[in-house]
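Since the structure comes first, as structure tokens, the remarks are kept for the end.
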Amino acid sequence: MSASSSRPSYAAVLRVAHARRTFGAALVGRLCYGVVSVSVILAATRATGSYGVAGTVMALFGASAVLLMPYRASLVDRYGPRRALTPMALLYAGLLTALAAATWRPGVPAPAIGALAALTGACSPPLGPTMRSMWSELAPEPALLRRAYSLDGVAEELVHVTGPLVVGVLVAFAPPAAGVLLSAVLMAAGTLAFVSSPAVGALRPRPLKSRRPRGRRGGPGRTLRQPVLVAAGVGLSLSVVDLLVVAVAARGHHGDDTVAWVLAALSAGSAAGGLLNGAVDWRAPARVRLPFCAAGLGLTLAAAGLAPGVGTLTVAVACAGVFVAPALTTAYLIADESAPPRFRTRAGAWVNAGVNAGSSLGVAVAGWLLEQLPTGVCFALAGATALATALIPAGRRHPADGTPPPDAEPVTAPVSAPVSAPVDPTAASPTTPPAA
């Protein structure tokens with residue numbers, strides 16, 4: 001693995017024609033996801049007066065979003081981003097507005113709030129997977145695409161750091177339901193700006209007339225097993241670590257600000273690792289690099305359990321974070337290269353669903369583990385989970401001939417009209433993309 005002397009920079013990614021407009025609009029919409037989770041649980045708590053009910057509402061909201069994400073992404077693959085995302089985003093924004101109204105003041109029955117939350121989550125647009133599939137159109141050259149994916153991963157990390165901060169400021173002078181309403185505005189505005197981009201408009205659906213011969217096996221489903229399971233392991237490990245840090249701070253009689261600093265170190269390490277991963281021109285293929293990222297995360301998390309104090313724990317968690325963004329970015333790259341263009345959004349959505357499903361499972365088991373075992377052992381188990389995913393064998397890459405998976409029905413899928421992928425020499429120097 002070595003670095004090339006002619007590798008493109010992150011600035012080159014943002015100088016690609018239409019990249020800044022498309023990416024910036026997508027980040028505005030994706031900021032909704034950084035704001036909405038905290039807002040929904042705070043609003044439900046205030047409206048029902050019960051943490052248990054609020055947790056159930058959030059579980060319904062998250063579960064419907066995760067379980068149906070690949071199916072929503074398939075609509076983008078079938079009809080194109082403009083035709084699929086526009087009604088999806090407007091419906092999602094409308095349902096978020098209704099959820100904000102239902103939780104603005106106490107009085108609405110908890111079952112009604114839960115049902116509305118589940119319906120809202122089921123309609124959440126797959127804006128992240130769609131943007132990642134757009135990078136393949138904007139920057140198809142492999143080295144440039146790796147940098148684009150790394151930049152996208154770091155920006156998504158910042159989305160989930162910035163969102164709760166925005167909610168914290170907002171609830172100082174408004175009800176928590178105002179955060180749910182803000183989420184609706186962000187999603188509607190960001191998605192409409194995204195689909196109005198010339199790069200998105202250049203995608204044209206066309207009918208698929210041929211099927212794969214019945215005797216041919218394999219397809220994206222099998223080749224996605226490694227990246228999806230590694231992503232799930234990363235999500236599970238990190239969600240366990242979040243609660244472990246809270247427990248360490250509480251048992252050591254440290255303040256809540258200690259938790260914030262330790263988790264900020266995790267995010268900072270992830271951002272640094274993502275930028276470094278994208279800056280290196282790796283010679284080893286992504287399917288070879290992915291197990292090393294998972295193993296690095298597992299070993300550093302296990303080592304974090306041996307930290308004698310908060311200071312060393314902060315350093316250890318930051319070191320673990322260095323492997324997070326590279327692992328997820330590499331998983332998305334494998335999904336992108338494993339699927340033909342008309343299944344690209346769906347493939348990325350499966351990786352995204354893996355992260356979220358693993359995170360949900362981690363939250364469910366973390367509390368039980370802490371009641372039964374010392375925190376050091378819990379850290380070791382979290383690390384072992386990530387380490388185990390490094391042993392998952394890599395599937396064979398899907399042929400790049402555009403054939404669908406077995407028994408796939410004919411679909412109308414977006415194929416690219418000529419989008420300017422080369423760097424635009426007349427573009428002004430790029431500015432830092434919006435923190436998302």
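Starting from 1 in every chain, residues are counted up; chains themselves are A, B, ... following the order of the structure tokens, and ligands are numbered from 1 as listed.
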All residues 9 Å or closer to stretch 162-178 of chain A, only C-alpha atoms, same chain fewer than 5 positions away omitted, as a list in words: Leu31, Cys32, Tyr33, Gly34, Val35, Val36, Ser37, Val38, Ser39, Val40, Ile41, Leu42, Ala43, Ala44, Arg46, Leu99, Ala100, Ala101, Ala102, Thr103, Trp104, Arg105, Glu157, Ser183, Ala435 and Ala436 of chain A
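Nearest residue to A:Val248 among A:Ser124, A:Thr314, A:Thr48, A:Gln226 is A:Thr314, counting only C-alpha atoms.
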Selected residue of minimal separation from A:Leu27 among A:Gly114, A:Gly190, A:Pro291, A:Pro8, counting only C-alpha atoms: A:Gly190
Produce a table with one row for each residue of stretch 116-172 of chain A that has an atom at most 8 Å from any atom of stretch 336-350 of chain A, each row naming the nearest atom pair and its distance in Å at one decimal; use only C-alpha atoms; arrange rows by chain and rising residue number; format as JSON lines.
```
{"residue": "A:Pro126", "atom": "CA", "partner": "A:Ala349", "partner_atom": "CA", "distance": 7.1}
{"residue": "A:Pro129", "atom": "CA", "partner": "A:Gly348", "partner_atom": "CA", "distance": 5.2}
{"residue": "A:Thr130", "atom": "CA", "partner": "A:Thr345", "partner_atom": "CA", "distance": 5.4}
{"residue": "A:Arg132", "atom": "CA", "partner": "A:Gly348", "partner_atom": "CA", "distance": 7.4}
{"residue": "A:Ser133", "atom": "CA", "partner": "A:Thr345", "partner_atom": "CA", "distance": 5.6}
{"residue": "A:Ser136", "atom": "CA", "partner": "A:Asp336", "partner_atom": "CA", "distance": 7.9}
```
Distance criterion (only C-alpha atoms): nearest to A:Ile334 out of A:Pro109, A:Gly94, A:Pro142, A:Pro308: A:Pro142
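With only C-alpha atoms as the atoms that count, the minimum distance from A:Leu266 to the choices A:Val246, A:Ala63, A:Ala316, A:Arg251 is reached by A:Ala316.
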Which of stretch 101-137 of chain A fall in helix (DSSP H, G or I), as a list in words: Ala101, Ala102, Thr103, Ala110, Pro111, Ala112, Ile113, Gly114, Ala115, Leu116, Ala117, Ala118, Leu119, Thr120, Gly121, Ala122, Leu127, Gly128, Pro129, Thr130, Met131, Arg132, Ser133, Met134, Trp135, Ser136 and Glu137 of chain A
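Each of A:Thr97, A:Ser267, A:Thr223, A:Thr120 was compared to A:Gly179 using only C-alpha atoms, and A:Thr97 turns out to be the nearest.
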Shell around A:Gly269 at 8 Å using only C-alpha atoms, local window under 6 positions removed, as a ChimeraX atom specification: /A:317-322
Could you please take those selected residues and save N, CA, C and O atoms as a compact mmCIF listing (two decimals), in the first residue's frame?
```txt
# COMPACT_ATOMS: atom_id res chain seq x y z
N VAL A 317 -10.02 6.00 23.00
CA VAL A 317 -11.24 6.10 22.19
C VAL A 317 -10.97 6.88 20.91
O VAL A 317 -11.50 6.55 19.84
N ALA A 318 -10.14 7.92 20.99
CA ALA A 318 -9.78 8.67 19.79
C ALA A 318 -9.03 7.77 18.81
O ALA A 318 -9.26 7.83 17.59
N CYS A 319 -8.14 6.91 19.32
CA CYS A 319 -7.43 5.96 18.45
C CYS A 319 -8.40 4.97 17.80
O CYS A 319 -8.26 4.62 16.62
N ALA A 320 -9.39 4.53 18.56
CA ALA A 320 -10.40 3.65 17.99
C ALA A 320 -11.18 4.36 16.88
O ALA A 320 -11.49 3.77 15.84
N GLY A 321 -11.48 5.65 17.11
CA GLY A 321 -12.22 6.41 16.11
C GLY A 321 -11.51 6.50 14.78
O GLY A 321 -12.15 6.62 13.73
N VAL A 322 -10.17 6.44 14.79
CA VAL A 322 -9.40 6.52 13.54
C VAL A 322 -9.83 5.44 12.55
O VAL A 322 -9.73 5.63 11.34
```
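The smallest atom-to-atom distance between A:Leu182 and any of A:Ala139, A:Tyr10, A:Leu116, A:Leu96, using only C-alpha atoms, is found for A:Leu96.
Residues surrounding A:Leu313 within 12 Å are Val241, Leu244, Val245, Val248, Ala249, Thr258, Val259, Trp261, Val262, Leu263, Ala265, Leu266, Thr300, Leu301, Ala302, Ala303, Ala304, Gly305, Leu306, Ala307, Pro308, Gly309, Val317, Ala318, Cys319, Ala320, Thr375, Gly376 and Phe379 of chain A [only C-alpha atoms; sequence separation below 4 positions excluded].
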Could you save those same residues with N, CA and C atoms as a PDB file, in the first residue's frame?
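Resulting contents of selection-v6.pdb:
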```pdb
ATOM      1  N   VAL A 241     -20.157   1.459  23.101  1.00  0.00           N
ATOM      2  CA  VAL A 241     -19.149   2.352  23.663  1.00  0.00           C
ATOM      3  C   VAL A 241     -19.785   3.639  24.195  1.00  0.00           C
ATOM      4  N   LEU A 244     -21.005   2.825  27.523  1.00  0.00           N
ATOM      5  CA  LEU A 244     -19.887   2.508  28.408  1.00  0.00           C
ATOM      6  C   LEU A 244     -19.191   3.771  28.900  1.00  0.00           C
ATOM      7  N   VAL A 245     -19.061   4.754  28.032  1.00  0.00           N
ATOM      8  CA  VAL A 245     -18.432   6.016  28.433  1.00  0.00           C
ATOM      9  C   VAL A 245     -19.274   6.704  29.502  1.00  0.00           C
ATOM     10  N   VAL A 248     -18.600   4.823  32.748  1.00  0.00           N
ATOM     11  CA  VAL A 248     -17.281   5.124  33.300  1.00  0.00           C
ATOM     12  C   VAL A 248     -17.294   6.480  33.996  1.00  0.00           C
ATOM     13  N   ALA A 249     -17.920   7.466  33.344  1.00  0.00           N
ATOM     14  CA  ALA A 249     -17.980   8.797  33.942  1.00  0.00           C
ATOM     15  C   ALA A 249     -18.786   8.789  35.237  1.00  0.00           C
ATOM     16  N   THR A 258     -17.591  15.375  30.912  1.00  0.00           N
ATOM     17  CA  THR A 258     -16.571  14.363  30.621  1.00  0.00           C
ATOM     18  C   THR A 258     -17.041  13.434  29.507  1.00  0.00           C
ATOM     19  N   VAL A 259     -18.306  13.037  29.572  1.00  0.00           N
ATOM     20  CA  VAL A 259     -18.871  12.177  28.519  1.00  0.00           C
ATOM     21  C   VAL A 259     -18.772  12.883  27.172  1.00  0.00           C
ATOM     22  N   TRP A 261     -16.685  15.183  26.189  1.00  0.00           N
ATOM     23  CA  TRP A 261     -15.307  15.273  25.713  1.00  0.00           C
ATOM     24  C   TRP A 261     -14.811  13.934  25.173  1.00  0.00           C
ATOM     25  N   VAL A 262     -15.129  12.852  25.849  1.00  0.00           N
ATOM     26  CA  VAL A 262     -14.664  11.536  25.393  1.00  0.00           C
ATOM     27  C   VAL A 262     -15.307  11.182  24.052  1.00  0.00           C
ATOM     28  N   LEU A 263     -16.621  11.407  23.928  1.00  0.00           N
ATOM     29  CA  LEU A 263     -17.295  11.088  22.672  1.00  0.00           C
ATOM     30  C   LEU A 263     -16.877  12.045  21.550  1.00  0.00           C
ATOM     31  N   ALA A 265     -13.867  13.133  21.286  1.00  0.00           N
ATOM     32  CA  ALA A 265     -12.582  12.574  20.857  1.00  0.00           C
ATOM     33  C   ALA A 265     -12.797  11.419  19.881  1.00  0.00           C
ATOM     34  N   LEU A 266     -13.836  10.615  20.120  1.00  0.00           N
ATOM     35  CA  LEU A 266     -14.167   9.529  19.197  1.00  0.00           C
ATOM     36  C   LEU A 266     -14.509  10.084  17.815  1.00  0.00           C
ATOM     37  N   THR A 300      -8.386  -1.732  19.259  1.00  0.00           N
ATOM     38  CA  THR A 300      -8.273  -0.481  20.015  1.00  0.00           C
ATOM     39  C   THR A 300      -9.406  -0.336  21.028  1.00  0.00           C
ATOM     40  N   LEU A 301     -10.598  -0.828  20.702  1.00  0.00           N
ATOM     41  CA  LEU A 301     -11.684  -0.786  21.682  1.00  0.00           C
ATOM     42  C   LEU A 301     -11.397  -1.711  22.860  1.00  0.00           C
ATOM     43  N   ALA A 302     -10.860  -2.877  22.571  1.00  0.00           N
ATOM     44  CA  ALA A 302     -10.505  -3.789  23.663  1.00  0.00           C
ATOM     45  C   ALA A 302      -9.434  -3.158  24.550  1.00  0.00           C
ATOM     46  N   ALA A 303      -8.466  -2.478  23.942  1.00  0.00           N
ATOM     47  CA  ALA A 303      -7.415  -1.804  24.708  1.00  0.00           C
ATOM     48  C   ALA A 303      -7.978  -0.665  25.537  1.00  0.00           C
ATOM     49  N   ALA A 304      -9.039  -0.001  25.038  1.00  0.00           N
ATOM     50  CA  ALA A 304      -9.640   1.110  25.781  1.00  0.00           C
ATOM     51  C   ALA A 304     -10.179   0.651  27.124  1.00  0.00           C
ATOM     52  N   GLY A 305     -10.583  -0.620  27.218  1.00  0.00           N
ATOM     53  CA  GLY A 305     -11.085  -1.136  28.480  1.00  0.00           C
ATOM     54  C   GLY A 305     -10.022  -1.236  29.553  1.00  0.00           C
ATOM     55  N   LEU A 306      -8.753  -1.159  29.155  1.00  0.00           N
ATOM     56  CA  LEU A 306      -7.652  -1.237  30.122  1.00  0.00           C
ATOM     57  C   LEU A 306      -7.215   0.146  30.611  1.00  0.00           C
ATOM     58  N   ALA A 307      -7.844   1.206  30.090  1.00  0.00           N
ATOM     59  CA  ALA A 307      -7.439   2.566  30.444  1.00  0.00           C
ATOM     60  C   ALA A 307      -7.632   2.804  31.941  1.00  0.00           C
ATOM     61  N   PRO A 308      -6.603   3.299  32.657  1.00  0.00           N
ATOM     62  CA  PRO A 308      -6.729   3.494  34.104  1.00  0.00           C
ATOM     63  C   PRO A 308      -7.488   4.754  34.502  1.00  0.00           C
ATOM     64  N   GLY A 309      -7.665   5.677  33.587  1.00  0.00           N
ATOM     65  CA  GLY A 309      -8.344   6.926  33.922  1.00  0.00           C
ATOM     66  C   GLY A 309      -9.028   7.521  32.712  1.00  0.00           C
ATOM     67  N   VAL A 317     -10.021   6.001  22.996  1.00  0.00           N
ATOM     68  CA  VAL A 317     -11.240   6.101  22.189  1.00  0.00           C
ATOM     69  C   VAL A 317     -10.969   6.882  20.911  1.00  0.00           C
ATOM     70  N   ALA A 318     -10.142   7.920  20.993  1.00  0.00           N
ATOM     71  CA  ALA A 318      -9.776   8.672  19.791  1.00  0.00           C
ATOM     72  C   ALA A 318      -9.029   7.769  18.806  1.00  0.00           C
ATOM     73  N   CYS A 319      -8.142   6.909  19.316  1.00  0.00           N
ATOM     74  CA  CYS A 319      -7.430   5.964  18.451  1.00  0.00           C
ATOM     75  C   CYS A 319      -8.397   4.974  17.803  1.00  0.00           C
ATOM     76  N   ALA A 320      -9.394   4.532  18.560  1.00  0.00           N
ATOM     77  CA  ALA A 320     -10.402   3.646  17.986  1.00  0.00           C
ATOM     78  C   ALA A 320     -11.182   4.355  16.884  1.00  0.00           C
ATOM     79  N   THR A 375     -16.879  -2.777  33.311  1.00  0.00           N
ATOM     80  CA  THR A 375     -16.784  -1.991  32.074  1.00  0.00           C
ATOM     81  C   THR A 375     -15.627  -2.459  31.195  1.00  0.00           C
ATOM     82  N   GLY A 376     -14.508  -2.876  31.803  1.00  0.00           N
ATOM     83  CA  GLY A 376     -13.381  -3.346  31.005  1.00  0.00           C
ATOM     84  C   GLY A 376     -13.748  -4.549  30.165  1.00  0.00           C
ATOM     85  N   PHE A 379     -15.951  -3.395  27.268  1.00  0.00           N
ATOM     86  CA  PHE A 379     -15.132  -2.852  26.176  1.00  0.00           C
ATOM     87  C   PHE A 379     -14.526  -3.983  25.350  1.00  0.00           C
TER      88      PHE A 379
END
```
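Our summary of the geometry notes that atom CA of A:Ala93 is positioned 8.3 Å from atom CA of A:Leu181.
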